[in-house]
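Enquirer: Got a structure for you, questions after.
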Amino acid sequence: MPIQLSKRRECGGTWVVDVDLGRSPTGEELTTVAQRYGGRCRQFQQLIWLDFPSGRITASLRLSRLTIRLEDKTLEAAIIAELQQLVEANGPACAVDL
Amino acid sequence: MFEHLYIDRPRKLVAFFSEPVIFHCHHYNLFLQQTIEDPDWIDGVSILQTSAQEIFYSLLANAFKRLGLQTAAERLATAAHIFSFLGFGRLNFEVTEEGGEVELTHSHYAEGWLGKYGEQVNRTKPIDHLAVGYVAAALDATFAALGTYVAEETSCVAVTRQDHCIIQVTKAAVPRSLTPSPQMGKLIDQPVPFPKGDTSVDYEAVNEALWGLPLEGDTNGQIRAFNVLLTRMPANYYNRIQYRFLDELQKVDPQLLEVGQALIRESGHVCVFYTFGNIMESLEWETVVGPMLNTDTDWIHGGYAVASSLGWGRWQALEVVSNESCRVAIDGNYEANYFLASYPPAAQPACYFAQGAVPAMMNIVYNGHIERKPVLDEAFYNRLFQRGGVFQGVEVKAREKGDPWCEFYAQRL
């Protein structure tokens, strides 16, 4: 299933990308993405920040949505492609609540 | 710099080198500045620049002392670091004891203004009054004493649309007698044990989650969080500019005072509309507060749980009647703390920002239907507040005039 992307002009004039993965990501997945692209992953309870030299991705372990605020558009495209692959490879994180 | 932030949990205040610091976004910063800058009959620019010099001098002098900084290079580097940490942009000092030039990039005010108005309006006057005061304060604290230096912005990105602003700083011909910050002001002795409102929102859990976020300026010296451009501002800068603005208006014509008070209330309204509107649409809100929201009245409680995490003091909704009214207590509001340390007891309630903020929270939830994630722009703001049925508020108890805490009541007109 393709991930859903929407561009949004944020306060202060910055363009950001909201990504809907169709399911909430795991901490492990987000750490892997950060490490692969030279970023740093920090967790604050359910909130996750992936920090890169050109900006931040804000994610949540509760939500399928994450927000990309990166000035480096090449990096942004690479990470979006990575997220797409991740969703295709792993499918729904939890299909059934037991 | 995080190690120098002190969270006073019982009072829900945050101190940074003995100055209370609070979060606000660029919408509020720009609106309040414009309110003070616009009237021709007072020198609003001087109020803004001088207040910044006074308040930041206190902060920087304390920082230099506490960090044991002796050399000018160390002090100026720290001043630049603190400026970025607080979210105002980046400063590059090329100065000696005689003065010099300072380059400002990614200015919070200039870039915030361009983002908000840049497509519709051309600006002809510089906008970085806070940075001008900050630069003068940095040299005062580095080389001399408060009031020794004067600064001026000679090139501003909001006007030139180039990549940096320039601030020139020199020694004043005659040192000015300026008033330092009252720092934490008149604090409450003991927090009042308010009854817990009828809500599933856990204020303390929200406080802890948000206090745990390391919100600091990025490599550009900007704080982007909750969908907005934030600053961690010394509360006394806001306090000093708003009360000094009112003092100046009263000197010109006592009848202008009410107009000024209404404008400060409106700044509170603008703040909650944009700052809280954006917060309530953010991923951070959905993650931290979202799981606690079961009813519409919980959105109001959630808003105050966040407000009390921003360094504003103990804001708590005592009672929320869905779509009708709310009663909100503030124990140790940052406005009252400053007022009581700077003025004799007030004859009338004087927490003007909060007077605007409390009804605005009802407006954003019950008129703005923020849960539907509307686009928060000026057109929406005007549509929302220029029609009937808006919430209006009144400060029914005022610590600044002798009550034990401040209390506000908002209802539909």
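Quick note on naming: the chains in the structure tokens go A, B, ... in the order shown, residues restart at 1 in each chain, and ligands are numbered from 1 in order of appearance.
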Counting only C-alpha atoms, collect the residues of chain B whose closest atom lies at most 6 Å from chain A, and write them out as a PyMOL selection string.
Expert: chain B and resi 112+115+228
Enquirer: Mind checking which residues fall within 8 Å of Leu5 in chain A, counting only C-alpha atoms, ignoring those fewer than 6 positions away in the same chain, and posting them as a PyMOL selection string?
Expert: chain A and resi 17-20
Enquirer: Please produce a file of those selected residues containing N, CA, C and O atoms, as a JSON list (two decimals), in the first residue's frame.
Expert:
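And here is the file that came out, selection.json:
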```json
[["chain", "number", "residue", "atom", "x", "y", "z"],
["A", 17, "VAL", "N", 6.30, 18.22, 4.93],
["A", 17, "VAL", "CA", 5.60, 17.10, 4.33],
["A", 17, "VAL", "C", 5.03, 16.23, 5.44],
["A", 17, "VAL", "O", 5.77, 15.79, 6.33],
["A", 18, "ASP", "N", 3.72, 16.02, 5.41],
["A", 18, "ASP", "CA", 3.10, 15.06, 6.32],
["A", 18, "ASP", "C", 3.02, 13.72, 5.59],
["A", 18, "ASP", "O", 2.58, 13.66, 4.43],
["A", 19, "VAL", "N", 3.45, 12.69, 6.26],
["A", 19, "VAL", "CA", 3.45, 11.35, 5.66],
["A", 19, "VAL", "C", 2.52, 10.46, 6.48],
["A", 19, "VAL", "O", 2.67, 10.38, 7.71],
["A", 20, "ASP", "N", 1.59, 9.82, 5.81],
["A", 20, "ASP", "CA", 0.75, 8.84, 6.49],
["A", 20, "ASP", "C", 1.20, 7.46, 6.06],
["A", 20, "ASP", "O", 1.08, 7.09, 4.89]]
```
Enquirer: Could you pull out the residues in chain A that DSSP calls alpha helix (DSSP H) from the backbone, as a compact mmCIF listing (two decimals) with N, CA, C and O atoms, in the first residue's frame?
Expert:
```
# COMPACT_ATOMS: atom_id res chain seq x y z
N GLY A 27 9.69 2.00 17.13
CA GLY A 27 10.91 2.72 17.49
C GLY A 27 12.12 2.19 16.74
O GLY A 27 12.99 2.94 16.31
N GLU A 28 12.14 0.88 16.56
CA GLU A 28 13.25 0.23 15.86
C GLU A 28 13.34 0.71 14.40
O GLU A 28 14.41 1.01 13.89
N GLU A 29 12.18 0.77 13.77
CA GLU A 29 12.15 1.21 12.37
C GLU A 29 12.67 2.64 12.24
O GLU A 29 13.46 2.95 11.34
N LEU A 30 12.23 3.47 13.15
CA LEU A 30 12.64 4.88 13.06
C LEU A 30 14.12 5.04 13.36
O LEU A 30 14.82 5.85 12.74
N THR A 31 14.62 4.25 14.31
CA THR A 31 16.06 4.30 14.62
C THR A 31 16.87 3.89 13.40
O THR A 31 17.89 4.51 13.08
N THR A 32 16.41 2.88 12.70
CA THR A 32 17.12 2.40 11.51
C THR A 32 17.17 3.50 10.45
O THR A 32 18.22 3.75 9.84
N VAL A 33 16.03 4.16 10.23
CA VAL A 33 16.00 5.24 9.23
C VAL A 33 16.98 6.35 9.62
O VAL A 33 17.76 6.83 8.79
N ALA A 34 16.96 6.72 10.89
CA ALA A 34 17.86 7.79 11.34
C ALA A 34 19.31 7.39 11.12
O ALA A 34 20.11 8.18 10.59
N GLN A 35 19.65 6.19 11.52
CA GLN A 35 21.05 5.75 11.40
C GLN A 35 21.49 5.67 9.95
O GLN A 35 22.60 6.09 9.60
N ARG A 36 20.61 5.19 9.09
CA ARG A 36 20.98 5.03 7.68
C ARG A 36 21.33 6.37 7.03
O ARG A 36 22.16 6.43 6.14
N LYS A 73 16.25 18.63 0.27
CA LYS A 73 15.16 17.94 -0.43
C LYS A 73 15.59 16.58 -1.00
O LYS A 73 14.76 15.70 -1.20
N THR A 74 16.90 16.40 -1.27
CA THR A 74 17.39 15.10 -1.73
C THR A 74 17.25 14.09 -0.61
O THR A 74 16.79 12.95 -0.82
N LEU A 75 17.63 14.51 0.58
CA LEU A 75 17.50 13.63 1.74
C LEU A 75 16.02 13.32 2.01
O LEU A 75 15.65 12.18 2.29
N GLU A 76 15.19 14.35 1.87
CA GLU A 76 13.75 14.16 2.09
C GLU A 76 13.20 13.08 1.14
O GLU A 76 12.49 12.18 1.57
N ALA A 77 13.58 13.18 -0.13
CA ALA A 77 13.09 12.20 -1.13
C ALA A 77 13.59 10.80 -0.78
O ALA A 77 12.84 9.81 -0.88
N ALA A 78 14.85 10.70 -0.36
CA ALA A 78 15.42 9.39 -0.04
C ALA A 78 14.71 8.77 1.17
O ALA A 78 14.42 7.57 1.20
N ILE A 79 14.41 9.60 2.15
CA ILE A 79 13.75 9.07 3.35
C ILE A 79 12.30 8.67 3.04
O ILE A 79 11.82 7.64 3.52
N ILE A 80 11.64 9.45 2.21
CA ILE A 80 10.27 9.07 1.83
C ILE A 80 10.29 7.72 1.10
O ILE A 80 9.45 6.85 1.35
N ALA A 81 11.25 7.54 0.21
CA ALA A 81 11.37 6.26 -0.49
C ALA A 81 11.64 5.12 0.49
O ALA A 81 11.08 4.02 0.38
N GLU A 82 12.47 5.40 1.46
CA GLU A 82 12.80 4.40 2.49
C GLU A 82 11.55 4.04 3.30
O GLU A 82 11.31 2.87 3.60
N LEU A 83 10.76 5.05 3.64
CA LEU A 83 9.53 4.80 4.41
C LEU A 83 8.55 3.96 3.59
O LEU A 83 7.88 3.06 4.11
N GLN A 84 8.49 4.24 2.29
CA GLN A 84 7.61 3.47 1.41
C GLN A 84 8.04 1.99 1.41
O GLN A 84 7.21 1.09 1.56
N GLN A 85 9.33 1.77 1.29
CA GLN A 85 9.85 0.40 1.28
C GLN A 85 9.56 -0.30 2.60
O GLN A 85 9.19 -1.48 2.64
N LEU A 86 9.73 0.46 3.65
CA LEU A 86 9.53 -0.09 4.99
C LEU A 86 8.09 -0.58 5.18
O LEU A 86 7.85 -1.67 5.70
N VAL A 87 7.16 0.23 4.72
CA VAL A 87 5.75 -0.13 4.85
C VAL A 87 5.43 -1.34 3.98
O VAL A 87 4.73 -2.26 4.39
N GLU A 88 6.00 -1.35 2.76
CA GLU A 88 5.74 -2.48 1.85
C GLU A 88 6.34 -3.76 2.39
O GLU A 88 5.75 -4.84 2.30
N ALA A 89 7.54 -3.65 2.98
CA ALA A 89 8.23 -4.84 3.46
C ALA A 89 7.59 -5.42 4.71
O ALA A 89 7.45 -6.64 4.85
N ASN A 90 7.15 -4.56 5.60
CA ASN A 90 6.69 -5.05 6.91
C ASN A 90 5.20 -5.12 7.07
O ASN A 90 4.70 -5.72 8.02
```
Enquirer: Please provide the set of residues having any atom within 10 Å of Gly290 in chain B, restricted to only C-alpha atoms, with same-chain residues fewer than 4 positions apart removed, written as a PyMOL selection string.
Expert: (chain A and resi 62) or (chain B and resi 201+280+283-286+294+298-299+302)
Enquirer: Can you write out the residues you just picked, keeping N, CA and C atoms, as a PDB file, in the first residue's frame?
Expert:
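Heads up, here's the output in out_7.pdb:
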```pdb
ATOM      1  N   ARG A  62       2.285   6.317  18.479  1.00  0.00           N
ATOM      2  CA  ARG A  62       0.833   6.134  18.539  1.00  0.00           C
ATOM      3  C   ARG A  62       0.150   6.364  17.203  1.00  0.00           C
TER       4      ARG A  62
ATOM      5  N   VAL B 201      -8.088  14.745  31.528  1.00  0.00           N
ATOM      6  CA  VAL B 201      -6.753  15.284  31.221  1.00  0.00           C
ATOM      7  C   VAL B 201      -5.928  15.360  32.502  1.00  0.00           C
ATOM      8  N   MET B 280      -2.807  22.397  18.765  1.00  0.00           N
ATOM      9  CA  MET B 280      -3.862  21.387  18.796  1.00  0.00           C
ATOM     10  C   MET B 280      -3.991  20.619  17.476  1.00  0.00           C
ATOM     11  N   LEU B 283       1.278  17.025  15.672  1.00  0.00           N
ATOM     12  CA  LEU B 283       1.532  15.624  16.010  1.00  0.00           C
ATOM     13  C   LEU B 283       1.889  15.486  17.493  1.00  0.00           C
ATOM     14  N   GLU B 284       2.546  16.511  18.023  1.00  0.00           N
ATOM     15  CA  GLU B 284       2.916  16.475  19.446  1.00  0.00           C
ATOM     16  C   GLU B 284       1.654  16.442  20.316  1.00  0.00           C
ATOM     17  N   TRP B 285       0.676  17.265  19.973  1.00  0.00           N
ATOM     18  CA  TRP B 285      -0.588  17.293  20.735  1.00  0.00           C
ATOM     19  C   TRP B 285      -1.287  15.938  20.637  1.00  0.00           C
ATOM     20  N   GLU B 286      -1.397  15.422  19.414  1.00  0.00           N
ATOM     21  CA  GLU B 286      -2.098  14.144  19.231  1.00  0.00           C
ATOM     22  C   GLU B 286      -1.425  13.034  20.025  1.00  0.00           C
ATOM     23  N   ASN B 294     -11.482  12.806  25.865  1.00  0.00           N
ATOM     24  CA  ASN B 294     -12.705  12.014  25.698  1.00  0.00           C
ATOM     25  C   ASN B 294     -13.910  12.885  25.349  1.00  0.00           C
ATOM     26  N   ASP B 298     -12.672  18.388  27.456  1.00  0.00           N
ATOM     27  CA  ASP B 298     -11.281  17.962  27.674  1.00  0.00           C
ATOM     28  C   ASP B 298     -10.311  18.763  26.805  1.00  0.00           C
ATOM     29  N   TRP B 299     -10.785  19.242  25.641  1.00  0.00           N
ATOM     30  CA  TRP B 299      -9.899  20.043  24.784  1.00  0.00           C
ATOM     31  C   TRP B 299      -9.506  21.336  25.504  1.00  0.00           C
ATOM     32  N   GLY B 302      -7.069  20.306  28.118  1.00  0.00           N
ATOM     33  CA  GLY B 302      -5.804  19.974  27.453  1.00  0.00           C
ATOM     34  C   GLY B 302      -5.031  21.240  27.107  1.00  0.00           C
TER      35      GLY B 302
END
```
Enquirer: Check range 40-212 of chain B with DSSP on the backbone and list each residue it calls strand (DSSP E or B), as a PyMOL selection string.
Expert: chain B and resi 90-96+99-105+149-155+165-171
Enquirer: From the options B:Ile188, B:Pro126, B:Thr105, B:Phe88, which residue's atoms come nearest to His164 in chain B, counting only C-alpha atoms?
Expert: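 Nearest to His164 in chain B: B:Thr105.
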Enquirer: I want to know what sits within 9 Å of Ser107 in chain B, based on only C-alpha atoms, with residues of the same chain fewer than 3 positions away left out; could you give that as a short mmCIF file (atom, residue, chain, number, x, y, z; two decimals) with N, CA, C and O atoms, in the first residue's frame?
Expert:
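Wrote it out as part32.cif, contents follow:
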```cif
data_model
loop_
_atom_site.label_atom_id
_atom_site.label_comp_id
_atom_site.auth_asym_id
_atom_site.auth_seq_id
_atom_site.Cartn_x
_atom_site.Cartn_y
_atom_site.Cartn_z
N GLY B 87 15.83 30.84 20.39
CA GLY B 87 15.04 30.79 19.16
C GLY B 87 14.94 32.09 18.39
O GLY B 87 14.07 32.23 17.53
N PHE B 88 15.88 33.04 18.65
CA PHE B 88 15.77 34.35 17.98
C PHE B 88 16.56 34.43 16.67
O PHE B 88 16.50 35.46 16.00
N GLY B 89 17.34 33.43 16.32
CA GLY B 89 18.18 33.48 15.13
C GLY B 89 19.65 33.35 15.51
O GLY B 89 19.96 32.77 16.56
N ARG B 90 20.51 33.86 14.64
CA ARG B 90 21.96 33.75 14.92
C ARG B 90 22.63 35.12 14.86
O ARG B 90 22.37 35.91 13.95
N LEU B 91 23.49 35.36 15.83
CA LEU B 91 24.24 36.62 15.88
C LEU B 91 25.72 36.34 15.67
O LEU B 91 26.25 35.38 16.22
N LEU B 104 23.04 39.55 11.86
CA LEU B 104 21.93 38.72 12.35
C LEU B 104 21.37 37.91 11.19
O LEU B 104 20.96 38.49 10.17
N ALA B 110 12.17 38.88 11.65
CA ALA B 110 12.18 39.21 10.22
C ALA B 110 11.64 38.04 9.39
O ALA B 110 10.79 38.23 8.52
N GLU B 111 12.11 36.83 9.68
CA GLU B 111 11.63 35.69 8.89
C GLU B 111 10.17 35.39 9.22
O GLU B 111 9.40 35.00 8.36
N GLY B 112 9.81 35.56 10.49
CA GLY B 112 8.41 35.36 10.88
C GLY B 112 7.51 36.35 10.16
O GLY B 112 6.44 35.99 9.65
N ASP B 128 13.79 44.32 13.78
CA ASP B 128 14.44 43.53 14.84
C ASP B 128 14.74 44.34 16.10
O ASP B 128 15.89 44.45 16.54
N ALA B 131 16.35 42.28 18.88
CA ALA B 131 17.76 41.98 18.64
C ALA B 131 18.63 43.22 18.87
O ALA B 131 19.75 43.11 19.37
N VAL B 157 16.44 42.20 6.97
CA VAL B 157 15.97 41.23 5.98
C VAL B 157 14.49 41.45 5.63
O VAL B 157 14.08 41.27 4.48
N HIS B 164 20.80 38.55 5.41
CA HIS B 164 21.15 38.87 6.80
C HIS B 164 20.83 40.32 7.14
O HIS B 164 20.70 41.17 6.25
N CYS B 165 20.70 40.57 8.41
CA CYS B 165 20.47 41.92 8.94
C CYS B 165 21.79 42.42 9.53
O CYS B 165 22.64 41.61 9.92
N ASN B 220 19.97 27.10 12.77
CA ASN B 220 19.63 28.47 12.36
C ASN B 220 19.19 29.33 13.55
O ASN B 220 18.80 30.48 13.36
N GLY B 221 19.20 28.74 14.74
CA GLY B 221 18.72 29.49 15.90
C GLY B 221 17.21 29.65 15.90
O GLY B 221 16.68 30.63 16.41
N GLN B 222 16.51 28.68 15.34
CA GLN B 222 15.04 28.74 15.30
C GLN B 222 14.46 27.50 15.98
O GLN B 222 15.02 26.41 15.86
#
```
Enquirer: Excluding Leu249 in chain B and its own-chain neighbours fewer than 3 positions away, which residues fall within 10 Å of it when counting only C-alpha atoms? Please give them as a tab-separated table (two decimals) with N, CA and C atoms, in the first residue's frame.
Expert:
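Okay, selection14.tsv is ready:
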```
chain	number	residue	atom	x	y	z
B	36	ILE	N	2.60	47.89	19.72
B	36	ILE	CA	3.37	48.90	20.45
B	36	ILE	C	4.09	49.86	19.49
B	39	PRO	N	1.43	53.19	17.12
B	39	PRO	CA	0.91	54.52	17.42
B	39	PRO	C	1.98	55.61	17.27
B	41	TRP	N	1.91	58.59	18.44
B	41	TRP	CA	2.03	59.54	19.55
B	41	TRP	C	2.88	59.03	20.71
B	42	ILE	N	3.42	57.82	20.60
B	42	ILE	CA	4.40	57.36	21.58
B	42	ILE	C	5.61	56.80	20.82
B	243	TYR	N	3.29	46.76	29.87
B	243	TYR	CA	2.93	47.74	30.91
B	243	TYR	C	3.52	49.12	30.61
B	244	ARG	N	4.72	49.14	30.02
B	244	ARG	CA	5.32	50.44	29.68
B	244	ARG	C	4.51	51.11	28.55
B	245	PHE	N	4.05	50.30	27.64
B	245	PHE	CA	3.18	50.80	26.55
B	245	PHE	C	1.94	51.46	27.15
B	246	LEU	N	1.32	50.78	28.11
B	246	LEU	CA	0.12	51.35	28.74
B	246	LEU	C	0.46	52.62	29.53
B	252	VAL	N	0.08	60.25	27.59
B	252	VAL	CA	-0.37	61.07	26.45
B	252	VAL	C	-1.82	61.49	26.64
B	253	ASP	N	-2.66	60.53	27.01
B	253	ASP	CA	-4.09	60.82	27.19
B	253	ASP	C	-4.71	59.65	27.96
B	254	PRO	N	-5.18	59.90	29.18
B	254	PRO	CA	-5.73	58.79	29.98
B	254	PRO	C	-6.83	58.01	29.27
B	255	GLN	N	-7.50	58.67	28.32
B	255	GLN	CA	-8.56	57.96	27.61
B	255	GLN	C	-8.01	56.87	26.68
B	256	LEU	N	-6.72	56.98	26.35
B	256	LEU	CA	-6.12	55.97	25.47
B	256	LEU	C	-5.85	54.66	26.20
B	257	LEU	N	-5.86	54.73	27.54
B	257	LEU	CA	-5.50	53.55	28.31
B	257	LEU	C	-6.40	52.36	27.99
B	258	GLU	N	-7.69	52.61	27.93
B	258	GLU	CA	-8.62	51.50	27.66
B	258	GLU	C	-8.38	50.89	26.28
B	259	VAL	N	-8.03	51.75	25.33
B	259	VAL	CA	-7.74	51.24	23.98
B	259	VAL	C	-6.51	50.33	24.04
B	260	GLY	N	-5.50	50.79	24.77
B	260	GLY	CA	-4.28	49.99	24.91
B	260	GLY	C	-4.55	48.66	25.59
B	261	GLN	N	-5.35	48.69	26.65
B	261	GLN	CA	-5.67	47.44	27.35
B	261	GLN	C	-6.40	46.48	26.41
```
Enquirer: Fewer than 2 positions away in the same chain doesn't count, so skip those; otherwise give me all residues within 10 Å of Leu187 in chain B, counting only C-alpha atoms, as number ranges by chain.
Expert: B: 11, 13, 184-185, 189-191, 313, 331-334, 336-338, 340-341
Enquirer: Using only C-alpha atoms, can you tell me which of B:Glu400, B:Glu378, B:Glu395, B:Asp247 comes closest to Glu335 in chain B?
Expert: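 Using only C-alpha atoms, the shortest distance to Glu335 in chain B belongs to B:Glu400.
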Enquirer: Got a sec: who's within 12 Å of Gly389 in chain B, counting only C-alpha atoms, leaving out chain neighbours fewer than 6 positions off, as JSON, numbers by chain?
Expert: {"B": [323, 324, 359, 362, 363, 366, 367, 368, 383, 411, 412, 413]}
Enquirer: Could the residues in this selection be written to a file with N, CA, C and O atoms, as a JSON list (two decimals), in the first residue's frame?
Expert:
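File produced: part-v3.json:
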```
[["chain", "number", "residue", "atom", "x", "y", "z"],
["B", 323, "ASN", "N", -19.61, 24.46, 25.43],
["B", 323, "ASN", "CA", -20.16, 25.44, 24.49],
["B", 323, "ASN", "C", -20.80, 26.66, 25.17],
["B", 323, "ASN", "O", -21.47, 27.44, 24.52],
["B", 324, "GLU", "N", -20.61, 26.77, 26.50],
["B", 324, "GLU", "CA", -21.25, 27.89, 27.21],
["B", 324, "GLU", "C", -20.28, 28.80, 27.94],
["B", 324, "GLU", "O", -20.27, 30.01, 27.73],
["B", 359, "PRO", "N", -10.94, 33.65, 27.00],
["B", 359, "PRO", "CA", -12.04, 33.47, 26.06],
["B", 359, "PRO", "C", -11.59, 32.89, 24.72],
["B", 359, "PRO", "O", -12.34, 32.16, 24.06],
["B", 362, "MET", "N", -11.86, 29.17, 24.47],
["B", 362, "MET", "CA", -13.23, 28.72, 24.18],
["B", 362, "MET", "C", -13.56, 28.94, 22.71],
["B", 362, "MET", "O", -14.18, 28.09, 22.06],
["B", 363, "ASN", "N", -13.12, 30.09, 22.19],
["B", 363, "ASN", "CA", -13.41, 30.39, 20.78],
["B", 363, "ASN", "C", -12.77, 29.39, 19.84],
["B", 363, "ASN", "O", -13.38, 28.96, 18.86],
["B", 366, "TYR", "N", -14.84, 25.96, 20.49],
["B", 366, "TYR", "CA", -16.28, 25.89, 20.22],
["B", 366, "TYR", "C", -16.72, 26.68, 18.99],
["B", 366, "TYR", "O", -17.74, 26.36, 18.39],
["B", 367, "ASN", "N", -15.98, 27.71, 18.62],
["B", 367, "ASN", "CA", -16.33, 28.42, 17.37],
["B", 367, "ASN", "C", -15.41, 27.99, 16.22],
["B", 367, "ASN", "O", -15.86, 27.95, 15.08],
["B", 368, "GLY", "N", -14.16, 27.73, 16.54],
["B", 368, "GLY", "CA", -13.20, 27.35, 15.50],
["B", 368, "GLY", "C", -13.22, 25.87, 15.18],
["B", 368, "GLY", "O", -12.69, 25.45, 14.16],
["B", 383, "ARG", "N", -13.05, 35.70, 9.99],
["B", 383, "ARG", "CA", -14.38, 35.10, 9.86],
["B", 383, "ARG", "C", -14.92, 34.70, 11.23],
["B", 383, "ARG", "O", -16.06, 34.91, 11.57],
["B", 411, "GLN", "N", -17.65, 33.64, 28.74],
["B", 411, "GLN", "CA", -18.94, 33.11, 28.27],
["B", 411, "GLN", "C", -19.26, 33.74, 26.92],
["B", 411, "GLN", "O", -18.67, 34.74, 26.53],
["B", 412, "ARG", "N", -20.27, 33.15, 26.28],
["B", 412, "ARG", "CA", -20.67, 33.68, 24.98],
["B", 412, "ARG", "C", -21.34, 35.04, 25.14],
["B", 412, "ARG", "O", -22.10, 35.23, 26.08],
["B", 413, "LEU", "N", -21.07, 35.92, 24.22],
["B", 413, "LEU", "CA", -21.75, 37.22, 24.23],
["B", 413, "LEU", "C", -23.20, 37.05, 23.85],
["B", 413, "LEU", "O", -23.51, 36.28, 22.95]]
```
Enquirer: Find the residue from A:Ser24, A:Ile3, A:Leu50, A:Ile68 that sits nearest to Gly38 in chain A; use only C-alpha atoms when measuring.
Expert: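 Smallest separation from Gly38 in chain A among the options: A:Leu50.
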Enquirer: Using only C-alpha atoms, which of A:Arg42, A:Phe52, A:Asp72, A:Ser64 sits nearest Gly22 in chain A?
Expert: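 The closest residue to Gly22 in chain A is A:Ser64.
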